[in-house]
Structure formats: C-alpha cells, structure tokens
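Shown next: my_file.cif, given as mmCIF, C-alpha atoms.
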```cif
data_target
loop_
_atom_site.label_atom_id
_atom_site.label_comp_id
_atom_site.auth_asym_id
_atom_site.auth_seq_id
_atom_site.Cartn_x
_atom_site.Cartn_y
_atom_site.Cartn_z
CA MET W 1 54.65 -75.25 -88.56
CA LYS W 2 51.41 -75.95 -86.75
CA ASP W 3 49.98 -72.72 -88.15
CA VAL W 4 50.66 -73.87 -91.70
CA PHE W 5 48.56 -76.98 -91.18
CA ARG W 6 45.79 -75.40 -89.13
CA ASP W 7 43.54 -75.03 -92.19
CA ILE W 8 44.07 -78.64 -93.20
CA VAL W 9 43.64 -80.25 -89.79
CA GLY W 10 40.60 -78.05 -89.17
CA MET W 11 38.75 -79.19 -92.28
CA ASP W 12 35.53 -81.13 -91.87
CA GLY W 13 36.20 -84.85 -91.93
CA VAL W 14 39.96 -84.56 -91.47
CA LYS W 15 41.04 -86.82 -88.61
CA GLY W 16 44.68 -85.88 -88.56
CA ALA W 17 47.79 -85.03 -90.52
CA MET W 18 51.45 -85.89 -90.42
CA LEU W 19 54.45 -84.48 -92.22
CA LEU W 20 57.12 -87.08 -92.83
CA SER W 21 60.58 -85.96 -93.93
CA PHE W 22 62.32 -87.80 -96.75
CA ASP W 23 64.61 -89.46 -94.21
CA GLY W 24 61.71 -90.73 -92.11
CA ALA W 25 61.52 -88.12 -89.33
CA ILE W 26 58.08 -86.95 -88.22
CA LEU W 27 58.25 -83.16 -88.67
CA PHE W 28 54.67 -82.53 -87.67
CA GLU W 29 51.81 -84.61 -86.30
CA ASP W 30 48.35 -83.58 -85.21
CA TYR W 31 45.43 -85.93 -84.70
CA ARG W 32 41.95 -85.11 -83.57
CA GLU W 33 41.37 -88.71 -82.61
CA SER W 34 43.44 -89.98 -79.73
CA SER W 35 43.07 -93.53 -81.07
CA ALA W 36 45.08 -92.68 -84.17
CA ALA W 37 47.95 -95.05 -84.76
CA SER W 38 51.48 -93.78 -84.99
CA LEU W 39 53.89 -94.89 -87.67
CA GLY W 40 56.85 -96.84 -86.39
CA PRO W 41 60.31 -96.41 -87.94
CA SER W 42 59.97 -99.52 -90.11
CA ASP W 43 56.51 -98.41 -91.31
CA ARG W 44 57.95 -95.02 -92.25
CA GLU W 45 60.89 -96.54 -94.04
CA GLY W 46 58.70 -98.89 -96.05
CA LEU W 47 56.19 -96.19 -96.84
CA LEU W 48 58.86 -93.77 -98.05
CA ALA W 49 60.32 -96.47 -100.29
CA ALA W 50 56.86 -97.09 -101.76
CA LEU W 51 56.31 -93.35 -102.28
CA ASP W 52 59.52 -92.92 -104.23
CA GLY W 53 58.67 -90.79 -107.28
CA VAL W 54 55.07 -90.18 -106.17
CA ARG W 55 53.82 -86.58 -106.22
CA GLU W 56 50.35 -87.25 -104.96
CA THR W 57 48.25 -90.24 -104.00
CA ASP W 58 44.70 -90.49 -102.81
CA ALA W 59 43.73 -93.86 -101.36
CA VAL W 60 40.09 -94.76 -100.73
CA TYR W 61 39.37 -97.33 -98.03
CA ARG W 62 36.17 -98.89 -96.78
CA ASP W 63 36.05 -96.57 -93.76
CA GLY W 64 38.05 -93.55 -94.82
CA ARG W 65 40.59 -91.99 -97.08
CA ILE W 66 44.29 -91.18 -96.90
CA TYR W 67 45.69 -88.39 -99.01
CA ILE W 68 49.46 -88.08 -99.46
CA ARG W 69 51.15 -85.11 -101.08
CA ARG W 70 54.82 -84.51 -101.71
CA SER W 71 56.26 -81.17 -100.58
CA ASP W 72 59.74 -79.72 -100.72
CA ILE W 73 60.61 -81.10 -97.29
CA GLY W 74 58.69 -84.37 -97.16
CA PHE W 75 55.35 -86.09 -97.57
CA LEU W 76 52.18 -84.77 -96.00
CA LEU W 77 49.81 -87.57 -94.95
CA VAL W 78 46.21 -86.63 -94.25
CA ASN W 79 43.87 -89.17 -92.69
CA MET W 80 40.19 -88.36 -93.21
CA SER W 81 36.72 -89.77 -93.27
CA ALA W 82 35.15 -90.96 -96.51
CA ALA W 83 32.90 -87.90 -96.49
CA ALA W 84 35.68 -85.29 -96.39
CA SER W 85 36.16 -83.08 -99.44
CA VAL W 86 39.32 -84.16 -101.23
CA ALA W 87 38.98 -81.32 -103.74
CA MET W 88 39.05 -78.80 -100.88
CA LEU W 89 41.99 -80.59 -99.31
CA ARG W 90 43.93 -80.47 -102.58
CA LEU W 91 43.21 -76.78 -102.83
CA ASN W 92 44.45 -76.19 -99.28
CA CYS W 93 47.60 -78.17 -100.06
CA ASP W 94 48.18 -76.16 -103.24
CA ILE W 95 48.10 -73.00 -101.16
CA LEU W 96 49.88 -74.15 -98.01
CA LEU W 97 52.58 -76.57 -99.05
CA PRO W 98 54.67 -74.04 -101.04
CA THR W 99 55.06 -72.04 -97.80
CA LEU W 100 56.70 -74.98 -96.05
CA LYS W 101 60.07 -74.34 -97.62
CA SER W 102 60.33 -70.94 -95.97
CA THR W 103 58.99 -72.08 -92.60
CA ALA W 104 61.26 -75.10 -92.32
CA GLU W 105 63.99 -74.63 -89.75
CA PRO W 106 67.23 -73.59 -91.49
CA LYS W 107 70.17 -75.83 -90.84
CA GLY W 108 73.81 -75.04 -90.07
CA MET W 109 75.06 -71.49 -89.77
CA LYS W 110 72.02 -70.11 -91.58
CA ARG W 111 69.99 -70.41 -88.41
CA PHE W 112 72.01 -67.58 -86.85
CA PHE W 113 71.42 -65.19 -89.73
CA ARG W 114 67.65 -65.14 -90.00
CA LYS W 115 66.17 -62.19 -91.83
CA MET U 116 43.48 -123.00 -103.53
CA ILE U 117 45.75 -120.67 -101.57
CA ALA U 118 44.61 -120.44 -97.94
CA ASN U 119 44.64 -117.32 -95.78
CA VAL U 120 46.45 -117.62 -92.46
CA LEU U 121 45.82 -114.81 -89.99
CA ILE U 122 48.62 -114.03 -87.54
CA VAL U 123 47.67 -111.88 -84.54
CA ASP U 124 50.57 -110.34 -82.63
CA ASP U 125 51.45 -106.81 -81.55
CA ASP U 126 55.15 -107.55 -81.91
CA ARG U 127 55.98 -106.28 -85.38
CA GLU U 128 59.36 -107.95 -85.40
CA THR U 129 57.67 -111.32 -84.92
CA LEU U 130 55.16 -110.54 -87.66
CA THR U 131 57.89 -109.48 -90.07
CA ALA U 132 60.05 -112.51 -89.26
CA LEU U 133 57.12 -114.89 -89.76
CA GLN U 134 56.00 -113.20 -92.98
CA GLU U 135 59.52 -113.47 -94.38
CA GLY U 136 59.95 -117.00 -93.11
CA PHE U 137 56.66 -118.08 -94.69
CA ALA U 138 57.48 -116.67 -98.12
CA LYS U 139 58.42 -120.16 -99.30
CA TYR U 140 54.90 -121.37 -98.56
CA ASP U 141 53.26 -118.74 -100.74
CA ASP U 142 51.91 -121.36 -103.13
CA THR U 143 49.99 -122.87 -100.18
CA PHE U 144 49.03 -120.01 -97.90
CA THR U 145 49.06 -116.24 -97.67
CA VAL U 146 49.73 -114.44 -94.39
CA LEU U 147 47.29 -111.80 -93.14
CA THR U 148 48.30 -109.87 -90.04
CA ALA U 149 46.59 -108.05 -87.20
CA GLU U 150 48.26 -106.27 -84.30
CA ASP U 151 45.27 -106.41 -81.96
CA GLY U 152 42.21 -108.53 -81.33
CA GLN U 153 39.70 -106.07 -82.79
CA THR U 154 41.58 -105.89 -86.09
CA ALA U 155 41.77 -109.69 -86.11
CA ILE U 156 37.99 -109.89 -85.78
CA GLU U 157 37.58 -107.42 -88.65
CA VAL U 158 39.92 -109.49 -90.83
CA LEU U 159 37.95 -112.63 -90.00
CA ARG U 160 34.75 -110.86 -91.02
CA HIS U 161 36.08 -109.68 -94.37
CA ASP U 162 38.39 -112.48 -95.48
CA THR U 163 37.93 -116.20 -95.68
CA VAL U 164 40.55 -117.36 -93.19
CA SER U 165 41.66 -120.97 -92.90
CA LEU U 166 43.81 -120.77 -89.77
CA VAL U 167 44.51 -118.27 -86.99
CA VAL U 168 47.82 -117.98 -85.16
CA THR U 169 47.48 -115.72 -82.14
CA GLU U 170 49.65 -114.43 -79.34
CA LEU U 171 47.78 -114.69 -76.02
CA LYS U 172 48.65 -111.16 -74.95
CA VAL U 173 47.58 -108.67 -77.60
CA PRO U 174 46.01 -105.22 -77.10
CA GLY U 175 42.26 -104.81 -76.88
CA ILE U 176 40.51 -108.14 -77.25
CA ASP U 177 43.25 -110.51 -76.08
CA GLY U 178 44.24 -113.93 -77.38
CA PRO U 179 41.66 -115.86 -75.29
CA GLY U 180 39.06 -113.37 -76.56
CA VAL U 181 40.10 -114.07 -80.16
CA LEU U 182 39.99 -117.81 -79.43
CA LYS U 183 36.48 -117.49 -77.98
CA HIS U 184 35.30 -115.43 -80.95
CA VAL U 185 36.69 -117.93 -83.45
CA ALA U 186 35.16 -120.88 -81.56
CA GLU U 187 31.74 -119.19 -81.51
CA SER U 188 31.65 -117.62 -84.96
CA TYR U 189 34.07 -119.68 -87.07
CA PRO U 190 34.15 -123.14 -85.47
CA GLU U 191 35.85 -124.69 -88.49
CA ILE U 192 38.91 -122.43 -88.18
CA PRO U 193 41.72 -123.99 -86.13
CA VAL U 194 43.76 -121.72 -83.86
CA ILE U 195 47.42 -122.02 -82.95
CA VAL U 196 48.37 -120.12 -79.79
CA ILE U 197 51.84 -118.66 -79.41
CA THR U 198 53.01 -116.74 -76.40
CA ALA U 199 56.04 -115.27 -74.76
CA TYR U 200 54.36 -115.65 -71.37
CA SER U 201 54.01 -119.40 -71.15
CA THR U 202 52.73 -120.77 -67.84
CA PRO U 203 50.88 -124.02 -67.08
CA GLU U 204 47.74 -121.94 -66.53
CA MET U 205 48.12 -120.37 -69.98
CA VAL U 206 48.55 -123.77 -71.60
CA LYS U 207 45.45 -125.05 -69.81
CA LEU U 208 43.46 -121.98 -70.79
CA ALA U 209 44.49 -122.28 -74.44
CA ARG U 210 43.66 -126.00 -74.57
CA GLU U 211 40.30 -125.49 -72.88
CA SER U 212 39.49 -122.70 -75.30
CA GLY U 213 39.93 -125.06 -78.22
CA ALA U 214 43.43 -124.19 -79.45
CA ALA U 215 44.74 -126.74 -81.93
CA GLU U 216 48.37 -126.12 -80.96
CA TYR U 217 50.26 -124.20 -78.31
CA LEU U 218 53.79 -122.89 -78.87
CA SER U 219 56.09 -120.88 -76.62
CA LYS U 220 58.13 -118.04 -78.04
CA PRO U 221 60.59 -117.73 -79.60
CA VAL U 222 58.81 -119.47 -82.45
CA MET U 223 60.94 -120.63 -85.35
CA PRO U 224 59.18 -119.87 -88.67
CA GLU U 225 60.17 -123.30 -89.98
CA ASN U 226 58.58 -125.09 -87.00
CA LEU U 227 55.39 -123.03 -87.10
CA GLY U 228 55.27 -123.29 -90.90
CA GLN U 229 55.27 -127.10 -90.69
CA LYS U 230 52.47 -127.06 -88.11
CA ILE U 231 50.44 -124.72 -90.32
CA MET U 232 50.98 -126.96 -93.34
CA THR U 233 49.87 -130.04 -91.36
CA ILE U 234 46.70 -128.34 -90.15
CA LEU U 235 45.89 -126.86 -93.56
CA SER U 236 46.23 -130.29 -95.20
CA ARG U 237 43.11 -131.36 -93.25
CA GLU U 238 41.09 -128.80 -95.23
CA SER U 239 41.36 -131.00 -98.29
CA ASP U 240 41.49 -134.48 -96.75
CA GLY U 241 38.45 -135.37 -98.86
CA GLY U 242 40.09 -134.18 -102.05
CA THR U 243 40.34 -131.11 -104.24
CA LEU U 244 38.55 -130.45 -107.52
CA HIS U 245 39.55 -127.79 -110.02
CA SER U 246 37.35 -125.85 -112.41
CA VAL U 247 34.05 -127.51 -111.61
CA SER U 248 30.48 -126.26 -111.63
CA SER U 249 29.49 -125.88 -107.99
CA GLY U 250 25.76 -126.57 -108.49
CA ILE U 251 26.14 -130.06 -109.94
CA PHE U 252 28.82 -131.06 -107.46
CA LEU U 253 26.88 -129.85 -104.43
CA GLN U 254 23.78 -131.76 -105.48
CA LEU U 255 25.94 -134.89 -105.44
CA ILE U 256 26.93 -134.07 -101.85
CA GLU U 257 23.25 -133.82 -100.98
CA MET U 258 22.43 -137.10 -102.72
CA GLU U 259 25.22 -138.92 -100.92
CA GLN U 260 24.15 -137.39 -97.60
CA LYS U 261 27.70 -136.40 -96.81
CA THR U 262 28.86 -134.54 -93.73
CA CYS U 263 31.65 -132.24 -94.77
CA THR U 264 33.01 -128.71 -94.94
CA ILE U 265 33.52 -127.46 -98.47
CA ARG U 266 35.71 -124.50 -99.30
CA LEU U 267 35.25 -122.91 -102.69
CA GLU U 268 37.14 -120.30 -104.69
CA ASP U 269 35.55 -118.60 -107.68
CA ILE U 270 38.08 -118.90 -110.47
CA SER U 271 37.10 -115.67 -112.23
CA SER U 272 36.98 -113.34 -109.21
CA GLY U 273 39.13 -115.08 -106.58
CA GLN U 274 36.33 -114.77 -104.01
CA LYS U 275 36.18 -117.53 -101.45
CA GLY U 276 33.40 -119.17 -99.50
CA VAL U 277 32.64 -122.06 -97.17
CA LEU U 278 29.68 -124.44 -97.09
CA PHE U 279 28.77 -126.69 -94.16
CA PHE U 280 26.92 -129.92 -94.89
CA ARG U 281 25.54 -132.33 -92.30
CA ASP U 282 24.12 -135.58 -93.68
CA GLY U 283 23.74 -133.98 -97.06
CA GLU U 284 21.83 -130.98 -95.75
CA LEU U 285 23.31 -127.53 -96.21
CA PHE U 286 23.42 -126.04 -92.69
CA ASN U 287 25.29 -122.81 -93.27
CA ALA U 288 27.39 -120.86 -95.75
CA ARG U 289 29.83 -118.02 -95.45
CA ALA U 290 31.24 -115.79 -98.17
CA CYS U 291 32.41 -112.19 -98.30
CA HIS U 292 31.16 -111.35 -94.77
CA GLN U 293 27.74 -112.82 -95.49
CA GLN U 294 26.29 -115.87 -93.79
CA GLY U 295 23.31 -118.15 -94.37
CA LYS U 296 21.17 -118.03 -97.50
CA SER U 297 22.66 -114.87 -99.00
CA ALA U 298 26.16 -116.33 -98.75
CA ALA U 299 24.97 -119.63 -100.26
CA GLN U 300 23.34 -117.82 -103.17
CA ARG U 301 26.48 -115.80 -103.75
CA ILE U 302 28.53 -119.00 -103.86
CA PHE U 303 26.05 -120.71 -106.17
CA SER U 304 26.30 -117.80 -108.60
CA TRP U 305 29.96 -118.65 -109.28
CA ASP U 306 30.38 -120.44 -112.61
CA LYS U 307 33.64 -122.33 -112.19
CA VAL U 308 35.17 -123.01 -108.82
CA THR U 309 38.00 -124.81 -107.13
CA ILE U 310 36.66 -127.00 -104.34
CA SER U 311 38.40 -128.47 -101.29
CA ILE U 312 36.52 -131.07 -99.28
CA GLN U 313 37.12 -131.63 -95.57
CA ASN U 314 35.53 -134.83 -94.32
CA ASP U 315 33.96 -133.37 -91.21
CA CYS U 316 31.73 -130.50 -90.25
CA PRO U 317 31.95 -128.51 -87.02
CA PRO U 318 28.79 -128.06 -84.93
CA VAL U 319 27.02 -125.21 -86.71
CA GLU U 320 23.55 -123.80 -86.40
CA ASN U 321 21.25 -124.50 -89.34
CA LYS U 322 20.91 -121.03 -90.85
CA ILE U 323 19.74 -122.20 -94.26
CA GLN U 324 16.63 -124.36 -93.73
CA SER U 325 15.92 -124.51 -97.43
CA GLU U 326 16.26 -127.09 -100.20
CA LEU U 327 19.60 -126.98 -101.97
CA GLN U 328 17.92 -127.19 -105.36
CA THR U 329 15.74 -124.16 -104.53
CA LEU U 330 18.76 -122.13 -103.47
CA ILE U 331 20.71 -123.02 -106.61
CA LEU U 332 17.79 -122.09 -108.85
CA GLU U 333 17.26 -118.82 -106.98
CA ALA U 334 20.94 -117.95 -107.36
CA ALA U 335 20.72 -118.68 -111.09
CA ARG U 336 17.66 -116.47 -111.39
CA LEU U 337 19.34 -113.56 -109.56
CA LYS U 338 22.41 -113.98 -111.72
CA ASP U 339 20.37 -113.89 -114.93
CA GLU U 340 18.58 -110.78 -113.71
CA ALA U 341 21.88 -109.07 -112.94
CA ALA U 342 23.34 -110.03 -116.33
CA SER U 343 20.34 -108.70 -118.19
CA SER U 344 20.26 -105.44 -116.26
CA ASP U 345 22.07 -102.35 -117.45
CA GLY U 346 25.51 -103.70 -116.57
CA ASP U 347 26.01 -101.34 -113.69
CA LEU U 348 29.22 -102.26 -111.89
CA ALA U 349 27.72 -102.81 -108.47
CA GLU U 350 24.57 -104.57 -109.59
CA ALA U 351 26.38 -106.91 -111.91
CA GLU U 352 28.76 -108.06 -109.24
CA GLU U 353 26.34 -108.20 -106.33
CA PRO U 354 23.40 -110.50 -107.05
CA THR U 355 22.47 -110.99 -103.40
CA GLY U 356 21.81 -107.45 -102.32
CA GLU U 357 24.50 -106.31 -99.88
CA THR U 358 27.20 -104.47 -101.77
CA ASP U 359 30.75 -104.15 -100.54
CA ALA U 360 32.54 -101.97 -103.03
CA GLU U 361 36.06 -103.19 -102.43
CA GLU U 362 35.04 -106.70 -103.35
CA VAL U 363 33.25 -105.41 -106.40
CA THR U 364 36.15 -103.42 -107.74
CA ALA U 365 38.68 -106.05 -106.78
CA SER U 366 37.14 -108.69 -108.92
CA VAL U 367 35.32 -107.20 -111.90
CA PRO U 368 36.61 -107.75 -115.40
CA ILE U 369 38.26 -104.90 -117.29
CA SER U 370 35.35 -104.60 -119.72
CA ARG U 371 32.98 -104.00 -116.84
CA ILE U 372 35.23 -101.34 -115.30
CA ARG U 373 35.37 -99.57 -118.65
CA HIS U 374 31.62 -99.82 -119.04
CA ALA U 375 30.97 -98.46 -115.53
CA ILE U 376 33.21 -95.45 -116.15
CA GLU U 377 31.68 -94.69 -119.53
CA LYS U 378 28.18 -95.07 -118.17
CA ARG U 379 28.74 -92.58 -115.35
CA ILE U 380 31.03 -90.12 -117.11
CA GLY U 381 30.66 -90.64 -120.85
CA GLN U 382 33.24 -91.18 -123.56
CA ALA U 383 35.28 -88.09 -122.60
CA ASP U 384 36.47 -89.77 -119.42
CA GLY U 385 40.20 -89.38 -120.03
CA VAL U 386 40.78 -93.10 -119.61
CA GLU U 387 43.74 -94.11 -121.76
CA ASP U 388 44.14 -97.77 -120.92
CA ILE U 389 43.02 -100.43 -118.45
CA TYR U 390 45.26 -103.40 -117.78
CA GLN U 391 46.44 -105.77 -115.10
CA ASP U 392 49.87 -105.14 -113.64
CA THR U 393 51.31 -106.77 -110.55
CA SER U 394 54.26 -104.37 -110.40
CA TRP U 395 52.04 -102.11 -108.26
CA ASP U 396 51.52 -104.81 -105.63
CA GLY U 397 54.29 -103.54 -103.32
CA PHE U 398 52.86 -100.02 -103.41
CA ILE U 399 49.35 -101.35 -102.76
CA HIS U 400 50.64 -103.46 -99.88
CA ARG U 401 52.19 -100.41 -98.19
CA LEU U 402 49.10 -98.26 -98.60
CA SER U 403 46.90 -101.12 -97.36
CA ALA U 404 49.11 -101.43 -94.27
CA LEU U 405 48.80 -97.67 -93.75
CA GLY U 406 45.02 -97.99 -93.95
CA GLU U 407 45.12 -100.74 -91.33
CA LEU U 408 47.20 -98.54 -89.03
CA PHE U 409 44.69 -95.72 -89.34
CA ARG U 410 41.79 -98.16 -88.94
CA SER U 411 40.41 -97.22 -92.32
CA GLY U 412 39.56 -100.78 -93.36
CA PRO U 413 40.59 -102.50 -96.57
CA MET U 414 41.64 -100.36 -99.52
CA LYS U 415 39.23 -100.05 -102.40
CA LEU U 416 41.38 -98.13 -104.85
CA CYS U 417 43.89 -95.31 -105.08
CA PHE U 418 44.93 -92.55 -107.41
CA VAL U 419 48.64 -92.01 -108.08
CA ASP U 420 50.36 -89.06 -109.74
CA LYS U 421 54.04 -89.61 -110.44
CA GLY U 422 54.49 -86.55 -112.61
CA GLU U 423 54.37 -88.68 -115.75
CA SER U 424 52.32 -88.13 -118.89
CA SER U 425 49.57 -90.32 -117.42
CA ASP U 426 48.24 -90.72 -113.90
CA HIS U 427 47.02 -94.06 -112.57
CA ILE U 428 44.06 -95.38 -110.63
CA ILE U 429 44.97 -98.69 -109.04
CA ILE U 430 42.40 -101.27 -108.01
CA PRO U 431 43.78 -103.94 -105.68
CA GLY U 432 42.61 -107.49 -106.12
CA ARG U 433 43.74 -110.93 -107.00
CA LYS U 434 45.11 -109.33 -110.15
CA THR U 435 45.88 -105.66 -109.58
CA THR U 436 44.09 -103.55 -112.16
CA VAL U 437 45.58 -100.27 -113.39
CA ILE U 438 43.61 -97.55 -115.13
CA SER U 439 45.84 -95.05 -116.93
CA VAL U 440 44.16 -91.67 -117.08
CA SER U 441 45.02 -88.32 -118.56
CA PRO U 442 46.06 -85.74 -115.91
CA LYS U 443 43.04 -83.76 -117.10
CA SER U 444 40.60 -86.61 -116.52
CA PRO U 445 37.75 -86.16 -114.01
CA ARG U 446 39.55 -88.38 -111.53
CA ASP U 447 37.21 -87.78 -108.60
CA LYS U 448 34.25 -88.82 -110.75
CA ILE U 449 36.05 -91.92 -111.99
CA MET U 450 37.01 -92.93 -108.45
CA LYS U 451 33.46 -92.37 -107.28
CA ALA U 452 32.13 -94.49 -110.15
CA LEU U 453 34.41 -97.32 -109.07
CA SER U 454 33.85 -97.05 -105.32
CA PRO U 455 30.22 -96.02 -104.88
#
```

Would you give me this structure, written as structure tokens?
Amino acid sequence: MKDVFRDIVGMDGVKGAMLLSFDGAILFEDYRESSAASLGPSDREGLLAALDGVRETDAVYRDGRIYIRRSDIGFLLVNMSAAASVAMLRLNCDILLPTLKSTAEPKGMKRFFRK
Amino acid sequence: MIANVLIVDDDRETLTALQEGFAKYDDTFTVLTAEDGQTAIEVLRHDTVSLVVTELKVPGIDGPGVLKHVAESYPEIPVIVITAYSTPEMVKLARESGAAEYLSKPVMPENLGQKIMTILSRESDGGTLHSVSSGIFLQLIEMEQKTCTIRLEDISSGQKGVLFFRDGELFNARACHQQGKSAAQRIFSWDKVTISIQNDCPPVENKIQSELQTLILEAARLKDEAASSDGDLAEAEEPTGETDAEEVTASVPISRIRHAIEKRIGQADGVEDIYQDTSWDGFIHRLSALGELFRSGPMKLCFVDKGESSDHIIIPGRKTTVISVSPKSPRDKIMKALSP
C-alpha cells in the first residue's frame, strides 16, 4: 500500500498521510515530520462520525491544510502546508485511490486464491 | 458575555469528562482545551481567555511553565491548578506561582465547575452593561479616574477584548492577539458592545501612553476610511493593519462575503446561497480538533462535498456561515478569496 501513496506523500508541501478504515483502523500512515500527532481511538471514532456521507473535504487552517477524501476502503487524510497544491493532490487522488480496492488485502478464503 | 475557560491536560479522558460535565454551564463559559503547554500558549494568544485550569504535569511547557507565562503575559487571568501528583512541594510551588486554586485529582466536574463560576463572577463585580457604545462609556471611566479591568465583546462580530485602566488612564489593551494601541483602536472601532467591569486592575505595563480621546478619534477615522474603501473583505474588517484571516472570515456579514467573492471572481462564481446554519457546528468542531492535533492552528474555512446537488464552503465563527456552491464553481478561487 505504501507504493500507492508514494506520489502523494512525496508531493511538495505534504507533511503526511493516513488511511483510516470505516471502522477506525489505521490502514496506512506515513509522516515526514516526526512531531506529527497520531489519532487516538476516540478521535478516530468522532472523526468518522463527522465524516459520515462526506466524499471530500478540504479544510484550511492558519498554519496548514488538511484534505480528506473518501475511498472504497476508508478515508484518506492528507496533512499539508498552506503552500501545497491542492489541485495536484486532488489529481493524484483521482488517479491513485481507485487502485486501492485491488491492493487491499482480501479477507477470508479469498486470500488463498490470489490471481 | 460567555467567558472562555482554557483547560490544559494531556489526559483526554479528563478533558472529555470535564467538557461533558461543564455542558450545563454553557450559558456562562465555553471550554477550550489544550493537551500541552505550547498549545495552551497558542490558545491564549489567539483567544480571549478568562480562566486557565492546568494540570501541573503536561508535555512540553509544563504546568508551572504555563502558570509563569500567564502571570507574566496575562496577569488578569486566574489559574486553577489540578494534578494527579499532589505533594506539599507541588502545592507550595503552585501557590507561589500565583495559582488561584489548587485541586488534587480526581476532580469532580461539579466541584471544579463551582470554583470556576465563583472566580468568573469576579470579572463582573463592577457590573455588566449590554449594547452600549464603548467610546462614551470609556470616557466616563477616564473622567471618574477608575481603576478597573474592562472586558468587551463586540455584538456584531463576537470578538472580545480587554482594557486595563489605572486611575482613569488606559494602560494596556488586548484583542485578537494584539496588544497596546492597535488592540485599543480595534476595540474602539466596535459599535455596540457588551461590557463587564472588574473593580481592580492587575499590575500591567503602560503600553498605551496616549490620550483616550485621541485613540477613540483615531479608531473612528480608521473605521471611516475602511468603510469608504472598496469594501475588500480583509480591509473592511481590519482597520488596524495586522490581518488574521480566520478572524476576518469568522465575523464578517453575509453581504460582505458575497461582495468579496464577486469582486475577486465575478458574477459567474457558482455561489447559490449564503446563510448561517449551526447544524454544521459538530463537523466544524471535529475538523478543528483535527487541526489542533496536526498543529495546523485554528480553522479558517473548509470545503465539503457530500455528493449532493450543491457543495458547501463552511466558515466557522460565532454563527457558522455556509456558502452553497455549484459543483462546477471555482472553489479554490472562492476559498482563496475568503482566506487570503
């Protein structure tokens, strides 16, 4: 999964990214800044409840920006500086997120019958 | 006037329990939270806080550090210390550092809530006035040579400020992370305010050193200039020079938001409606908390796509403002126009 997000995490101004499953599990996490906070279980639960029905949100803060995009397996959260290109990030998400479905680990017996 | 109470503790369970326990006081005070000392200092810089409740052991700048910072920079703000590590030395340290109260954990929300209410009542021991013109009232303070701390809230924008008078002379002012003359001029530009008078003034440095009348006239002049300018969003809301966009967008009237968008983008902006809607407050609260976690500062605005016929741009503030936009609208341009 790390390969899928390489282009996003490597973008100028992107500080880190996290993929949060719909049941609150962190499927992927990569931060360039070691000081980045991690989301506790209650934060994740509350955030997921707030994101119910949301396809995309782009929040602008005084010192940065957080972009959240729904995918087939969860929400991608991208933490970035105010100067990062959101248009480029959206484009990368348009290209990369559809591939997540196929790269997600199959569950149950399917895992033994990979193509 | 609803006061802001800042609670500093890295124990989220405590924060949640206190926030829930204090819900019944929401017509008196609002709870702001910080999980470390540095965040607490940032909150103090950006919000007008009436009272700090701090755990002694928090990450980064610890409780005594927060106490010291408050005593030096915000001497009028009382501090209640709570700690799970209570020792006689800790109590002594807290008292010597100027703590108003000291409580050992576990702290019952009801007990702490009562202490907060008692301390906050001192903020208005000289009375409260609603919907008054600040200029006329403050000249009376000067004439009567009063020593007092005056807290003001602008009725139209919800912005808050503090003025410190000693013997009728304005010593200092603080509003929207400004201090001194610029803060005083900002406050004097507010038309109608709610005023709370506290009958004492902490020892503060005289950062004004100017006649009150001169300051009030200068604020009026700057306000007139801003009103007669081209109506630009930032200029109209920031008569004193230093712009902080989140305050601007959080408080401007709908007509001014519409004007700012049309000015930057033109009529074909895809804006369908602009209205105030508090049903987004929970969503805003979560995204604001996320911003705090990622140390991104306060939220200015956010775009939301829910797959409906319209998308939304939400501007947090005293009254949350919602801009409904067509999915084909130039959203990046609109957001840039509103958060320059």

**OP:** Pick out the residues sitting within 7 Å of region 41-54 of chain W, and hand them over as a VMD selection string; count all atoms listed in the file, and ignore anything fewer than 2 positions along from it in its own chain.
**Re:** (chain W and resid 24 39 56) or (chain U and resid 398 401 419 to 421)

**OP:** Would you mind reading off the distance between CA of Ala290 (chain U) and CA of Arg127 (chain U), one decimal, in Å?
**Re:** 29.4 Å

**OP:** Measure the distance from CA of Gln300 (chain U) to CA of Lys183 (chain U) in Å and round it to one decimal.
**Re:**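 Between CA of Gln300 (chain U) and CA of Lys183 (chain U) the gap is 28.4 Å.
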
Sorted per-residue table, chain U near chain W, closest atoms and distance, 8 Å, all atoms listed in the file, as CSV:
```
residue,atom,partner,partner_atom,distance
U:Ala360,CA,W:Arg62,CA,7.9
U:Glu361,CA,W:Arg62,CA,7.1
U:Gly397,CA,W:Ala50,CA,7.1
U:Phe398,CA,W:Ala50,CA,5.2
U:Arg401,CA,W:Leu47,CA,6.0
U:Leu402,CA,W:Ala59,CA,7.5
U:Gly406,CA,W:Tyr61,CA,7.0
U:Leu408,CA,W:Ala37,CA,5.6
U:Phe409,CA,W:Ala37,CA,5.7
U:Arg410,CA,W:Asp63,CA,7.7
U:Ser411,CA,W:Asp63,CA,4.6
U:Gly412,CA,W:Arg62,CA,5.2
U:Pro413,CA,W:Tyr61,CA,5.5
U:Met414,CA,W:Tyr61,CA,4.1
U:Lys415,CA,W:Tyr61,CA,5.1
U:Leu416,CA,W:Val60,CA,5.5
U:Cys417,CA,W:Ala59,CA,4.0
U:Phe418,CA,W:Asp58,CA,5.0
U:Val419,CA,W:Thr57,CA,4.5
U:Asp420,CA,W:Glu56,CA,5.1
U:Lys421,CA,W:Val54,CA,4.4
U:Gly422,CA,W:Arg55,CA,6.4
```

**OP:** Work out how far CA of Val158 (chain U) is from CA of Ile176 (chain U), in Å to one decimal.
**Re:**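 Atom-to-atom, CA of Ile176 (chain U) and CA of Val158 (chain U) are spaced 13.7 Å apart.
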
Original post:
Selected by the PyMOL selection byres ((chain W and resi 3) around 12) in the shown coordinates: which residues, as a ChimeraX atom specification?
Top reply: /W:1-2,4-10,28,30,96-97,99-100,103

Original post:
Evaluating the PyMOL selection byres ((chain U and resi 431) around 10) on the displayed file yields which residues, as a ChimeraX atom specification?
Top reply: /U:361-362,364-366,391,393,395-396,399-400,403,413-417,428-430,432-437
